[in-house]
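Trainee: If it helps, the file is called upload-v6.cif and holds mmCIF, C-alpha atoms:
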```
data_coords
loop_
_atom_site.label_atom_id
_atom_site.label_comp_id
_atom_site.auth_asym_id
_atom_site.auth_seq_id
_atom_site.Cartn_x
_atom_site.Cartn_y
_atom_site.Cartn_z
CA MET A 1116 -54.37 23.47 -10.61
CA ASN A 1117 -52.44 24.70 -13.62
CA ILE A 1118 -52.26 22.20 -16.52
CA LYS A 1119 -48.44 22.53 -16.65
CA TRP A 1120 -48.19 21.37 -13.02
CA VAL A 1121 -50.50 18.44 -13.72
CA ILE A 1122 -48.37 17.34 -16.70
CA LEU A 1123 -45.16 17.74 -14.68
CA LEU A 1124 -46.64 15.77 -11.77
CA MET A 1125 -47.83 12.97 -14.10
CA THR A 1126 -44.39 12.81 -15.74
CA LEU A 1127 -42.65 12.54 -12.37
CA ILE A 1128 -45.05 9.83 -11.18
CA SER A 1129 -44.73 7.79 -14.39
CA THR A 1130 -40.93 8.10 -14.32
CA SER A 1131 -40.70 6.84 -10.77
CA ILE A 1132 -43.13 3.99 -11.45
CA SER A 1133 -41.28 2.80 -14.57
CA ALA A 1134 -37.73 2.98 -13.17
CA THR A 1135 -36.28 -0.52 -13.09
CA GLU A 1136 -35.25 -1.54 -9.59
CA ILE A 1137 -32.39 -4.04 -9.19
CA TYR A 1138 -32.11 -6.02 -5.96
CA ASP A 1139 -30.60 -9.26 -4.60
CA PHE A 1140 -27.51 -8.79 -6.80
CA LYS A 1141 -24.91 -11.60 -6.67
CA SER A 1142 -21.68 -12.32 -8.54
CA GLY A 1143 -19.38 -15.31 -8.36
CA LEU A 1144 -19.21 -18.95 -9.41
CA VAL A 1145 -22.10 -20.40 -11.42
CA CYS A 1146 -23.47 -23.88 -10.70
CA PRO A 1147 -26.16 -25.92 -12.47
CA ALA A 1148 -29.51 -26.52 -10.78
CA ASN A 1149 -31.68 -29.63 -11.08
CA ASP A 1150 -34.00 -27.97 -13.60
CA ASN A 1151 -31.11 -27.29 -16.06
CA LYS A 1152 -30.93 -23.63 -15.02
CA LYS A 1153 -27.90 -21.96 -13.53
CA TRP A 1154 -27.44 -19.91 -10.34
CA ILE A 1155 -24.70 -18.11 -8.43
CA CYS A 1156 -23.69 -20.79 -5.94
CA HIS A 1157 -20.63 -19.12 -4.40
CA GLU A 1158 -20.44 -15.34 -4.21
CA LYS A 1159 -16.81 -14.41 -4.70
CA GLN A 1160 -14.43 -12.10 -6.48
CA ASP A 1161 -11.50 -14.51 -6.91
CA ILE A 1162 -12.13 -16.99 -9.72
CA TYR A 1163 -9.64 -19.82 -10.25
CA ILE A 1164 -9.69 -20.96 -13.87
CA THR A 1165 -9.59 -24.74 -13.57
CA GLY A 1166 -11.18 -25.97 -16.80
CA GLN A 1167 -13.50 -28.31 -14.91
CA GLY A 1168 -16.53 -27.13 -16.84
CA GLN A 1169 -17.36 -27.33 -20.52
CA CYS A 1170 -18.50 -24.58 -22.84
CA HIS A 1171 -18.71 -23.61 -26.50
CA TYR A 1172 -16.93 -20.57 -27.89
CA ASN A 1173 -17.09 -19.63 -31.57
CA ASN A 1174 -18.81 -22.97 -32.38
CA LYS A 1175 -16.04 -25.05 -30.75
CA PRO A 1176 -16.03 -27.00 -27.46
CA TYR A 1177 -13.57 -26.02 -24.71
CA TYR A 1178 -12.80 -26.72 -21.08
CA CYS A 1179 -13.72 -23.66 -19.06
CA THR A 1180 -14.73 -22.21 -15.70
CA TRP A 1181 -18.21 -20.74 -15.20
CA TYR A 1182 -18.93 -17.56 -13.23
CA GLY A 1183 -21.30 -14.62 -13.69
CA PHE A 1184 -23.86 -12.41 -12.03
CA SER A 1185 -27.55 -12.46 -11.19
CA PHE A 1186 -30.22 -10.22 -9.76
CA ARG A 1187 -33.93 -9.75 -9.34
CA TYR A 1188 -35.71 -6.77 -10.82
CA ARG A 1189 -39.09 -5.05 -10.72
CA ASN A 1190 -40.93 -2.10 -12.27
CA ASN A 1191 -39.17 -2.71 -15.59
CA ILE A 1192 -40.55 -1.75 -18.97
CA PRO A 1193 -40.16 -5.01 -20.95
CA GLY A 1194 -37.32 -4.75 -23.47
CA THR A 1195 -35.32 -2.25 -21.42
CA LYS A 1196 -31.62 -2.94 -21.96
CA LEU A 1197 -29.02 -3.66 -19.34
CA ILE A 1198 -25.77 -2.22 -20.74
CA CYS A 1199 -22.52 -3.48 -19.22
CA GLU A 1200 -19.04 -2.06 -19.80
CA VAL A 1201 -16.09 -4.32 -19.03
CA THR A 1202 -12.48 -3.24 -18.42
CA GLN A 1203 -9.80 -5.89 -18.00
CA SER A 1204 -6.15 -5.66 -16.91
CA ASP A 1205 -4.99 -7.72 -19.90
CA VAL A 1206 -6.18 -8.11 -23.48
CA ALA A 1207 -8.62 -10.89 -24.33
CA ASN A 1208 -10.97 -12.11 -27.02
CA TYR A 1209 -14.67 -11.68 -26.24
CA GLY A 1210 -17.44 -13.74 -27.73
CA ASN A 1211 -20.16 -16.26 -27.18
CA PRO A 1212 -20.99 -19.84 -28.18
CA LYS A 1213 -21.59 -18.80 -31.79
CA GLU A 1214 -19.02 -16.13 -32.61
CA VAL A 1215 -16.07 -13.96 -31.67
CA VAL A 1216 -17.31 -10.44 -30.94
CA SER A 1217 -14.00 -8.64 -30.41
CA GLU A 1218 -10.35 -9.65 -30.31
CA ASN A 1219 -7.20 -8.54 -28.50
CA THR A 1220 -8.90 -5.83 -26.43
CA SER A 1221 -9.12 -4.93 -22.76
CA ASN A 1222 -12.56 -3.28 -23.09
CA ASN A 1223 -15.91 -4.68 -24.08
CA THR A 1224 -19.55 -3.57 -23.94
CA TYR A 1225 -22.61 -5.79 -24.13
CA GLU A 1226 -26.36 -5.21 -24.00
CA ILE A 1227 -29.00 -7.58 -22.67
CA PRO A 1228 -32.75 -6.89 -22.84
CA LEU A 1229 -34.79 -7.47 -19.68
CA ASN A 1230 -37.98 -8.87 -21.19
CA ASN A 1231 -40.33 -8.93 -18.22
CA LYS A 1232 -41.81 -6.34 -15.89
CA ASN A 1233 -40.53 -8.27 -12.86
CA GLY A 1234 -38.15 -11.20 -12.85
CA TYR A 1235 -34.91 -13.00 -12.17
CA PHE A 1236 -31.91 -12.53 -14.46
CA ILE A 1237 -28.67 -14.48 -14.61
CA ASN A 1238 -25.76 -13.91 -16.96
CA PRO A 1239 -23.58 -17.03 -16.87
CA GLN A 1240 -20.13 -16.29 -18.27
CA TYR A 1241 -17.04 -18.41 -18.76
CA SER A 1242 -13.30 -18.24 -19.25
CA ILE A 1243 -11.55 -20.84 -21.36
CA PHE A 1244 -8.87 -22.84 -19.59
CA LYS A 1245 -5.34 -21.88 -20.56
CA ALA A 1246 -2.13 -22.39 -18.63
CA ASN A 1247 1.04 -20.33 -18.67
CA LYS A 1248 4.33 -22.21 -18.95
CA SER A 1249 6.38 -19.78 -16.87
CA GLN A 1250 4.11 -18.42 -14.14
CA PHE A 1251 0.51 -18.18 -12.98
CA SER A 1252 -1.41 -15.29 -14.42
CA LEU A 1253 -3.75 -12.90 -12.63
CA VAL A 1254 -6.22 -10.90 -14.71
CA SER A 1255 -8.59 -8.42 -13.04
CA GLU A 1256 -11.87 -7.46 -14.67
CA HIS A 1257 -14.28 -4.72 -13.59
CA THR A 1258 -17.83 -4.44 -14.95
CA THR A 1259 -20.28 -1.56 -14.55
CA CYS A 1260 -23.88 -1.97 -15.73
CA THR A 1261 -26.49 0.71 -16.36
CA ILE A 1262 -30.16 0.84 -17.28
CA ASN A 1263 -31.36 3.95 -19.11
CA ASN A 1264 -27.99 5.61 -18.38
CA LYS A 1265 -28.45 5.11 -14.62
CA TYR A 1266 -26.24 2.95 -12.43
CA ALA A 1267 -27.56 -0.60 -11.96
CA ALA A 1268 -24.62 -2.63 -10.60
CA ASP A 1269 -20.87 -3.10 -10.66
CA PHE A 1270 -18.56 -5.95 -9.73
CA THR A 1271 -14.98 -7.14 -10.05
CA PHE A 1272 -13.51 -10.55 -10.78
CA ASN A 1273 -9.88 -11.58 -10.29
CA PHE A 1274 -9.10 -14.49 -12.60
CA TYR A 1275 -6.24 -16.79 -11.62
CA TYR A 1276 -4.86 -18.88 -14.50
CA PRO A 1277 -2.58 -21.78 -13.52
CA LYS A 1278 1.06 -22.36 -14.23
CA VAL A 1279 2.05 -25.59 -16.00
CA ASP A 1280 4.56 -27.61 -13.98
#
```
Rewrite the structure from the file as C-alpha coordinates, please.
Mentor:
Amino acid sequence: MNIKWVILLMTLISTSISATEIYDFKSGLVCPANDNKKWICHEKQDIYITGQGQCHYNNKPYYCTWYGFSFRYRNNIPGTKLICEVTQSDVANYGNPKEVVSENTSNNTYEIPLNNKNGYFINPQYSIFKANKSQFSLVSEHTTCTINNKYAADFTFNFYYPKVD
(Lines of atoms letter the chains of each structure in order from A and count residues from 1; the text may use other names and numbers.)
(Lines give C-alpha, C1' and ligand atoms only; values in the text may rest on other atoms or scores of the structure.)
Protein backbone atom coordinates (compact mmCIF):
# COMPACT_ATOMS: atom_id res chain seq x y z
CA MET A 1 0.00 0.00 0.00
CA ASN A 2 1.26 3.46 -0.90
CA ILE A 3 2.47 5.53 2.09
CA LYS A 4 0.21 8.46 1.06
CA TRP A 5 -2.87 6.21 1.33
CA VAL A 6 -1.75 4.95 4.73
CA ILE A 7 -1.32 8.53 6.02
CA LEU A 8 -4.69 9.56 4.57
CA LEU A 9 -6.39 6.51 6.10
CA MET A 10 -4.80 7.18 9.52
CA THR A 11 -5.88 10.83 9.36
CA LEU A 12 -9.47 9.88 8.55
CA ILE A 13 -9.57 7.29 11.34
CA SER A 14 -8.10 9.67 13.93
CA THR A 15 -10.49 12.45 12.87
CA SER A 16 -13.53 10.24 13.26
CA ILE A 17 -12.33 8.88 16.61
CA SER A 18 -11.65 12.34 18.06
CA ALA A 19 -14.86 14.04 16.89
CA THR A 20 -16.88 15.07 19.93
CA GLU A 21 -20.32 13.49 19.95
CA ILE A 22 -23.17 15.33 21.69
CA TYR A 23 -26.22 13.37 22.82
CA ASP A 24 -29.10 13.58 25.32
CA PHE A 25 -29.38 17.35 24.75
CA LYS A 26 -31.96 19.19 26.90
CA SER A 27 -32.92 22.84 27.37
CA GLY A 28 -35.40 24.42 29.73
CA LEU A 29 -35.83 25.25 33.41
CA VAL A 30 -32.98 24.45 35.80
CA CYS A 31 -33.63 22.94 39.24
CA PRO A 32 -31.25 22.13 42.10
CA ALA A 33 -30.48 18.51 42.96
CA ASN A 34 -29.79 17.09 46.42
CA ASP A 35 -26.03 17.07 45.84
CA ASN A 36 -25.94 20.85 45.17
CA LYS A 37 -25.72 20.30 41.41
CA LYS A 38 -28.23 21.55 38.89
CA TRP A 39 -30.18 19.76 36.14
CA ILE A 40 -32.76 20.51 33.46
CA CYS A 41 -35.96 19.59 35.29
CA HIS A 42 -38.52 20.84 32.75
CA GLU A 43 -37.67 20.86 29.06
CA LYS A 44 -39.38 23.88 27.57
CA GLN A 45 -38.96 26.85 25.29
CA ASP A 46 -41.24 29.30 27.11
CA ILE A 47 -39.57 30.71 30.23
CA TYR A 48 -41.62 32.91 32.55
CA ILE A 49 -39.35 35.30 34.44
CA THR A 50 -40.74 35.17 37.98
CA GLY A 51 -37.79 36.15 40.17
CA GLN A 52 -38.34 33.16 42.45
CA GLY A 53 -34.68 32.21 42.33
CA GLN A 54 -31.60 34.05 43.49
CA CYS A 55 -28.41 34.77 41.60
CA HIS A 56 -25.40 37.06 41.50
CA TYR A 57 -24.65 39.32 38.56
CA ASN A 58 -21.66 41.67 38.49
CA ASN A 59 -20.97 40.92 42.20
CA LYS A 60 -24.51 41.89 43.29
CA PRO A 61 -27.43 39.69 44.43
CA TYR A 62 -30.66 39.67 42.41
CA TYR A 63 -33.94 37.82 42.14
CA CYS A 64 -33.89 35.78 38.95
CA THR A 65 -35.19 32.79 37.03
CA TRP A 66 -32.89 29.87 36.19
CA TYR A 67 -32.89 28.02 32.86
CA GLY A 68 -30.19 26.57 30.61
CA PHE A 69 -29.07 23.56 28.64
CA SER A 70 -27.32 20.26 29.23
CA PHE A 71 -25.97 17.32 27.29
CA ARG A 72 -23.74 14.28 27.49
CA TYR A 73 -20.68 13.96 25.30
CA ARG A 74 -18.09 11.38 24.30
CA ASN A 75 -14.94 11.06 22.18
CA ASN A 76 -13.89 14.59 23.15
CA ILE A 77 -10.33 15.83 23.23
CA PRO A 78 -10.13 17.45 26.71
CA GLY A 79 -10.09 21.24 26.46
CA THR A 80 -12.08 21.36 23.22
CA LYS A 81 -14.28 24.47 23.28
CA LEU A 82 -18.01 24.64 22.88
CA ILE A 83 -18.68 27.99 21.18
CA CYS A 84 -22.21 29.38 21.41
CA GLU A 85 -23.61 32.36 19.50
CA VAL A 86 -26.71 34.03 20.92
CA THR A 87 -29.14 36.30 19.05
CA GLN A 88 -31.93 38.01 20.96
CA SER A 89 -34.98 39.99 19.79
CA ASP A 90 -34.20 42.85 22.19
CA VAL A 91 -31.01 44.36 23.58
CA ALA A 92 -29.66 43.12 26.90
CA ASN A 93 -26.61 43.17 29.12
CA TYR A 94 -24.67 39.90 29.26
CA GLY A 95 -22.44 38.84 32.09
CA ASN A 96 -21.82 36.45 34.92
CA PRO A 97 -21.63 36.50 38.72
CA LYS A 98 -18.38 38.48 38.63
CA GLU A 99 -18.67 40.93 35.76
CA VAL A 100 -20.59 42.50 32.90
CA VAL A 101 -19.27 41.09 29.61
CA SER A 102 -21.24 43.20 27.13
CA GLU A 103 -23.94 45.84 27.36
CA ASN A 104 -26.92 46.97 25.29
CA THR A 105 -26.51 44.32 22.58
CA SER A 106 -28.70 41.70 20.95
CA ASN A 107 -25.79 39.37 20.12
CA ASN A 108 -23.35 37.54 22.34
CA THR A 109 -20.79 34.75 21.96
CA TYR A 110 -19.34 32.60 24.71
CA GLU A 111 -16.87 29.73 24.87
CA ILE A 112 -16.81 26.87 27.36
CA PRO A 113 -14.09 24.21 27.47
CA LEU A 114 -15.19 20.58 27.73
CA ASN A 115 -12.49 19.22 30.03
CA ASN A 116 -13.10 15.48 29.89
CA LYS A 117 -13.05 12.83 27.20
CA ASN A 118 -16.59 11.74 28.12
CA GLY A 119 -18.98 13.50 30.46
CA TYR A 120 -22.06 15.45 31.39
CA PHE A 121 -22.23 19.21 30.86
CA ILE A 122 -24.76 21.72 32.13
CA ASN A 123 -24.79 25.45 31.53
CA PRO A 124 -27.17 27.00 34.06
CA GLN A 125 -28.17 30.50 32.99
CA TYR A 126 -30.43 33.12 34.52
CA SER A 127 -32.42 36.23 33.73
CA ILE A 128 -32.81 38.93 36.33
CA PHE A 129 -36.37 39.74 37.34
CA LYS A 130 -37.67 43.01 35.93
CA ALA A 131 -41.24 44.10 35.37
CA ASN A 132 -42.64 46.48 32.80
CA LYS A 133 -45.10 49.11 34.01
CA SER A 134 -47.18 49.24 30.83
CA GLN A 135 -47.26 45.72 29.37
CA PHE A 136 -45.71 42.29 29.60
CA SER A 137 -42.60 41.83 27.52
CA LEU A 138 -41.67 38.89 25.30
CA VAL A 139 -38.03 38.45 24.33
CA SER A 140 -36.96 35.58 22.06
CA GLU A 141 -33.43 34.24 22.14
CA HIS A 142 -31.85 31.73 19.76
CA THR A 143 -28.52 30.01 20.48
CA THR A 144 -26.40 27.92 18.12
CA CYS A 145 -23.37 26.03 19.47
CA THR A 146 -20.46 24.53 17.56
CA ILE A 147 -17.42 22.42 18.36
CA ASN A 148 -14.44 22.75 16.02
CA ASN A 149 -16.63 24.77 13.61
CA LYS A 150 -19.15 21.91 13.36
CA TYR A 151 -22.75 22.08 14.51
CA ALA A 152 -23.29 20.78 18.06
CA ALA A 153 -26.73 22.05 19.13
CA ASP A 154 -29.22 24.87 18.85
CA PHE A 155 -32.20 25.96 20.93
CA THR A 156 -34.62 28.83 21.43
CA PHE A 157 -36.04 30.41 24.57
CA ASN A 158 -39.02 32.77 24.73
CA PHE A 159 -38.73 34.90 27.87
CA TYR A 160 -41.93 36.36 29.29
CA TYR A 161 -41.39 39.31 31.65
CA PRO A 162 -44.40 40.34 33.76
CA LYS A 163 -46.40 43.52 33.76
CA VAL A 164 -46.73 45.44 37.04
CA ASP A 165 -50.36 45.95 38.04
Trainee: Of the candidates A:Leu1144, A:Cys1170, A:Ile1162, A:Ile1198, which one gets nearest to A:Tyr1182 if we count only C-alpha atoms?
Mentor: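 Once distances to A:Tyr1182 are computed over only C-alpha atoms, the minimum belongs to A:Leu1144.
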Trainee: Which residues are close to A:Glu1136, i.e. within 7 Å by all atoms listed in the file, leaving aside same-chain residues fewer than 3 positions away? Reply as a PyMOL selection string.
Mentor: chain A and resi 1188-1190
Trainee: Taking the file above as input, evaluate the PyMOL selection byres ((chain A and resi 1180) around 6) and report the hits as a list in words.
Mentor: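 Checking the PyMOL selection byres ((chain A and resi 1180) around 6) against this file, the residues are Ile1164, Gly1166, Gly1168, Cys1179, Trp1181, Tyr1241 and Ser1242 of chain A.
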Trainee: Which residue, A:Thr1258, A:Asn1173, A:Gln1240, A:Asn1149, has the smallest gap to A:Asn1223 when you use all atoms listed in the file?
Mentor: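 That would be A:Thr1258, the residue with the smallest distance to A:Asn1223.
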Trainee: Interatomic distance between atom CA of A:Lys1152 and atom CA of A:Cys1199?
Mentor: 22.2 Å
Trainee: If the PyMOL selection byres ((chain A and resi 1192) around 12) were run on this exact file, what residues would it hold? Put them as a PDB file with C-alpha atoms, in the coordinates of the input.
Mentor:
```
ATOM      1  CA  SER A1129     -44.730   7.790 -14.390  1.00  0.00           C
ATOM      2  CA  THR A1130     -40.930   8.100 -14.320  1.00  0.00           C
ATOM      3  CA  SER A1131     -40.700   6.840 -10.770  1.00  0.00           C
ATOM      4  CA  ILE A1132     -43.130   3.990 -11.450  1.00  0.00           C
ATOM      5  CA  SER A1133     -41.280   2.800 -14.570  1.00  0.00           C
ATOM      6  CA  ALA A1134     -37.730   2.980 -13.170  1.00  0.00           C
ATOM      7  CA  THR A1135     -36.280  -0.520 -13.090  1.00  0.00           C
ATOM      8  CA  GLU A1136     -35.250  -1.540  -9.590  1.00  0.00           C
ATOM      9  CA  TYR A1188     -35.710  -6.770 -10.820  1.00  0.00           C
ATOM     10  CA  ARG A1189     -39.090  -5.050 -10.720  1.00  0.00           C
ATOM     11  CA  ASN A1190     -40.930  -2.100 -12.270  1.00  0.00           C
ATOM     12  CA  ASN A1191     -39.170  -2.710 -15.590  1.00  0.00           C
ATOM     13  CA  PRO A1193     -40.160  -5.010 -20.950  1.00  0.00           C
ATOM     14  CA  GLY A1194     -37.320  -4.750 -23.470  1.00  0.00           C
ATOM     15  CA  THR A1195     -35.320  -2.250 -21.420  1.00  0.00           C
ATOM     16  CA  LYS A1196     -31.620  -2.940 -21.960  1.00  0.00           C
ATOM     17  CA  LEU A1197     -29.020  -3.660 -19.340  1.00  0.00           C
ATOM     18  CA  PRO A1228     -32.750  -6.890 -22.840  1.00  0.00           C
ATOM     19  CA  LEU A1229     -34.790  -7.470 -19.680  1.00  0.00           C
ATOM     20  CA  ASN A1230     -37.980  -8.870 -21.190  1.00  0.00           C
ATOM     21  CA  ASN A1231     -40.330  -8.930 -18.220  1.00  0.00           C
ATOM     22  CA  LYS A1232     -41.810  -6.340 -15.890  1.00  0.00           C
ATOM     23  CA  ASN A1233     -40.530  -8.270 -12.860  1.00  0.00           C
ATOM     24  CA  GLY A1234     -38.150 -11.200 -12.850  1.00  0.00           C
ATOM     25  CA  ILE A1262     -30.160   0.840 -17.280  1.00  0.00           C
ATOM     26  CA  ASN A1263     -31.360   3.950 -19.110  1.00  0.00           C
TER      27      ASN A1263
END
```
Trainee: May I ask for the distance between atom CA of A:Thr1259 and atom CA of A:Pro1277, given in Å to one decimal place?
Mentor: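 Straight-line distance from atom CA of A:Thr1259 to atom CA of A:Pro1277 works out to 26.9 Å.
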Trainee: Between atom CA of A:Ile1243 and atom CA of A:Ala1268, what distance in Å does the model show, to one decimal?
Mentor: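 Separation of atom CA of A:Ile1243 and atom CA of A:Ala1268: 24.9 Å.
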Trainee: Can you tell me, as a PyMOL selection string, what residues are no more than 10 Å from A:Phe1274 when counting all atoms listed in the file, ignoring any on the same chain fewer than 2 positions away?
Mentor: chain A and resi 1160-1164+1242+1252-1256+1271-1272+1276-1277
Trainee: Could you tell me which of A:Ile1237, A:Thr1165, A:Pro1176, A:Pro1212 comes closest to A:Tyr1275 if we count all atoms listed in the file?
Mentor: A:Thr1165
Trainee: Just checking: using all atoms listed in the file, which residue out of A:Lys1153, A:His1257, A:Lys1278, A:Lys1265 ends up closest to A:Ser1221?
Mentor: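 Between A:Lys1153, A:His1257, A:Lys1278, A:Lys1265, the residue approaching A:Ser1221 most closely is A:His1257.
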Trainee: Skipping near chain neighbours, those fewer than 5 positions away, what residues fall within 10 Å of A:Ser1142 using all atoms listed in the file, listed as a count of residues only?
Mentor: 19
Trainee: Would you mind telling me which residue in A:Val1279, A:Ala1246, A:Ala1267, A:Val1201 lies nearest to A:Asp1139 when using all atoms listed in the file?
Mentor: A:Ala1267
